[in-house]
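Asks: I am attaching a structure below and will ask some questions about it afterwards.
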Amino acid sequence: MKKELKQITIKIITTMKQIIVLTIISLCLFACTSSADKKEKANLAIAEKYMLAVETKNVALMDSLLADTYIGYGPSVGDSVNKEEAISSWKDNAENLYESIEYTRSKELAVTVKEGEAIGDWVLNWAYLTIKYKIGKNPVHLWVNIVYRIENGKIVQSRTFYNEADVLRQLRYSIDPPQQIE
């Protein structure tokens, strides 16, 4: 009887140890996941606020979301702007060019790159935009891909990609090849 009681006690203690170890591991995994999820959600919220600022032409909100060291690239290879240039350009476009900008479809993804040239926290945005102009031109519909790098709650870098030739075509511009000299 004593031997059986001792074996039962050992089994109970072993089972309790296993439960405690599994509970500790589960809590650690939950804490790590929870922290990463909070960071991703915060970064998504920053990018979404910036997109709202674009859509509502809210230059003050844009200014508050861009880091002082901000640099934006694209859509063309040689295009780049710093924060002051980006804010100035958007202010001018909001006042003089765009009647409205509408994100009709949009998907975002937050990622953290841990090594390599692109280390950091990024938010990727794929969107379908409709832009209406004040000067009576037809609206433009375009697919846009924008990638935001976020540090300390601010956008420090962005890369914008869209088909510029398609936008010009929709605005009724034509692109003619250069004439050959014979």
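Labels used: A, B, ... for chains in the order of the structure tokens, numbers from 1 for residues in each chain, and numbers from 1 for ligands as shown.
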I want to know what sits within 6 Å of Val156 of chain A, based on only C-alpha atoms, with residues of the same chain fewer than 4 positions away left out; could you give that as number ranges by chain?
Replies: A: 67, 70, 149-150
Asks: Please, could you write that set of residues out with N, CA and C atoms as a short mmCIF file (atom, residue, chain, number, x, y, z; two decimals), in the first residue's frame?
Replies:
data_model
loop_
_atom_site.label_atom_id
_atom_site.label_comp_id
_atom_site.auth_asym_id
_atom_site.auth_seq_id
_atom_site.Cartn_x
_atom_site.Cartn_y
_atom_site.Cartn_z
N ALA A 67 8.61 61.89 -39.61
CA ALA A 67 9.79 62.23 -38.80
C ALA A 67 10.51 63.41 -39.45
N TYR A 70 12.52 62.43 -42.37
CA TYR A 70 11.78 61.70 -43.40
C TYR A 70 12.38 61.91 -44.78
N ARG A 149 8.51 52.95 -43.72
CA ARG A 149 9.37 52.47 -42.62
C ARG A 149 9.09 53.37 -41.43
N ILE A 150 8.85 52.73 -40.29
CA ILE A 150 8.42 53.47 -39.10
C ILE A 150 9.42 53.26 -37.97
#
Asks: From the DSSP assignment of the backbone, select every residue of chain A that is strand (DSSP E), and format the answer as a ChimeraX atom specification.
Replies: /A:66-73,80-82,98-113,120-133,140-151,154-161
Asks: Going by DSSP on the backbone, which residues of segment 47-161 of chain A come out as helix (DSSP H, G or I)? List them as a count of residues only.
Replies: 31
Asks: Residues of segment 115-149 of chain A within 8 Å of segment 43-58 of chain A: nearest atom pair and distance (Å, one decimal) for each, counting only C-alpha atoms, sorted by chain and number, as a tab-separated table?
Replies:
residue	atom	partner	partner_atom	distance
A:Asp121	CA	A:Asn43	CA	7.8
A:Trp122	CA	A:Asn43	CA	7.7
A:Val123	CA	A:Leu44	CA	6.4
A:Tyr148	CA	A:Ala47	CA	7.2
Asks: Can you list, as number ranges by chain, every protein, DNA or RNA residue that comes within 10 Å of Val59 of chain A when you count only C-alpha atoms, leaving out same-chain residues fewer than 2 positions away?
Replies: A: 50, 53-54, 56-57, 61-65, 86-92, 94
Asks: Would you output that residue set with N, CA and C atoms, as a compact mmCIF listing (two decimals), in the first residue's frame?
Replies:
# COMPACT_ATOMS: atom_id res chain seq x y z
N TYR A 50 -1.84 58.20 -41.74
CA TYR A 50 -1.21 58.94 -42.84
C TYR A 50 -2.08 58.86 -44.10
N ALA A 53 -4.85 61.14 -43.72
CA ALA A 53 -4.40 62.52 -43.95
C ALA A 53 -4.32 62.83 -45.44
N VAL A 54 -3.85 61.86 -46.24
CA VAL A 54 -3.81 62.03 -47.70
C VAL A 54 -5.23 62.18 -48.23
N THR A 56 -7.99 63.06 -46.77
CA THR A 56 -8.69 64.26 -46.31
C THR A 56 -7.90 65.54 -46.57
N LYS A 57 -6.74 65.38 -47.20
CA LYS A 57 -5.84 66.51 -47.52
C LYS A 57 -5.47 67.29 -46.25
N LEU A 61 -1.91 66.88 -40.13
CA LEU A 61 -1.79 65.50 -39.66
C LEU A 61 -0.61 64.82 -40.34
N MET A 62 -0.43 65.06 -41.64
CA MET A 62 0.75 64.51 -42.34
C MET A 62 2.03 64.94 -41.65
N ASP A 63 2.12 66.22 -41.37
CA ASP A 63 3.31 66.79 -40.73
C ASP A 63 3.58 66.11 -39.39
N SER A 64 2.53 65.83 -38.64
CA SER A 64 2.71 65.21 -37.32
C SER A 64 3.16 63.75 -37.40
N LEU A 65 2.92 63.10 -38.53
CA LEU A 65 3.25 61.68 -38.68
C LEU A 65 4.60 61.43 -39.34
N ALA A 86 7.94 67.39 -48.99
CA ALA A 86 6.71 66.58 -49.07
C ALA A 86 5.51 67.37 -48.56
N ILE A 87 5.66 68.03 -47.43
CA ILE A 87 4.56 68.81 -46.86
C ILE A 87 4.20 69.97 -47.77
N SER A 88 5.19 70.66 -48.29
CA SER A 88 4.95 71.79 -49.19
C SER A 88 4.22 71.33 -50.46
N SER A 89 4.66 70.24 -51.03
CA SER A 89 4.04 69.70 -52.24
C SER A 89 2.59 69.29 -51.99
N TRP A 90 2.35 68.59 -50.88
CA TRP A 90 0.98 68.17 -50.57
C TRP A 90 0.07 69.36 -50.30
N LYS A 91 0.61 70.36 -49.62
CA LYS A 91 -0.19 71.56 -49.34
C LYS A 91 -0.59 72.23 -50.66
N ASP A 92 0.35 72.37 -51.56
CA ASP A 92 0.07 72.98 -52.86
C ASP A 92 -0.93 72.14 -53.65
N ALA A 94 -3.15 69.99 -52.49
CA ALA A 94 -4.46 70.01 -51.82
C ALA A 94 -5.21 71.30 -52.11
Asks: Using only C-alpha atoms, tabulate the residues of segment 62-117 of chain A lying at most 12 Å from any atom of segment 161-167 of chain A, each with its closest atom pair and that distance in Å to one decimal, by chain and increasing residue number, as a Markdown table.
Replies:
| residue | atom | partner | partner_atom | distance |
| --- | --- | --- | --- | --- |
| A:Gly72 | CA | A:Phe161 | CA | 11.2 |
| A:Tyr73 | CA | A:Phe161 | CA | 8.9 |
| A:Gly74 | CA | A:Phe161 | CA | 6.3 |
| A:Pro75 | CA | A:Phe161 | CA | 4.9 |
| A:Ser76 | CA | A:Phe161 | CA | 8.0 |
| A:Val77 | CA | A:Phe161 | CA | 9.9 |
| A:Asp79 | CA | A:Phe161 | CA | 11.0 |
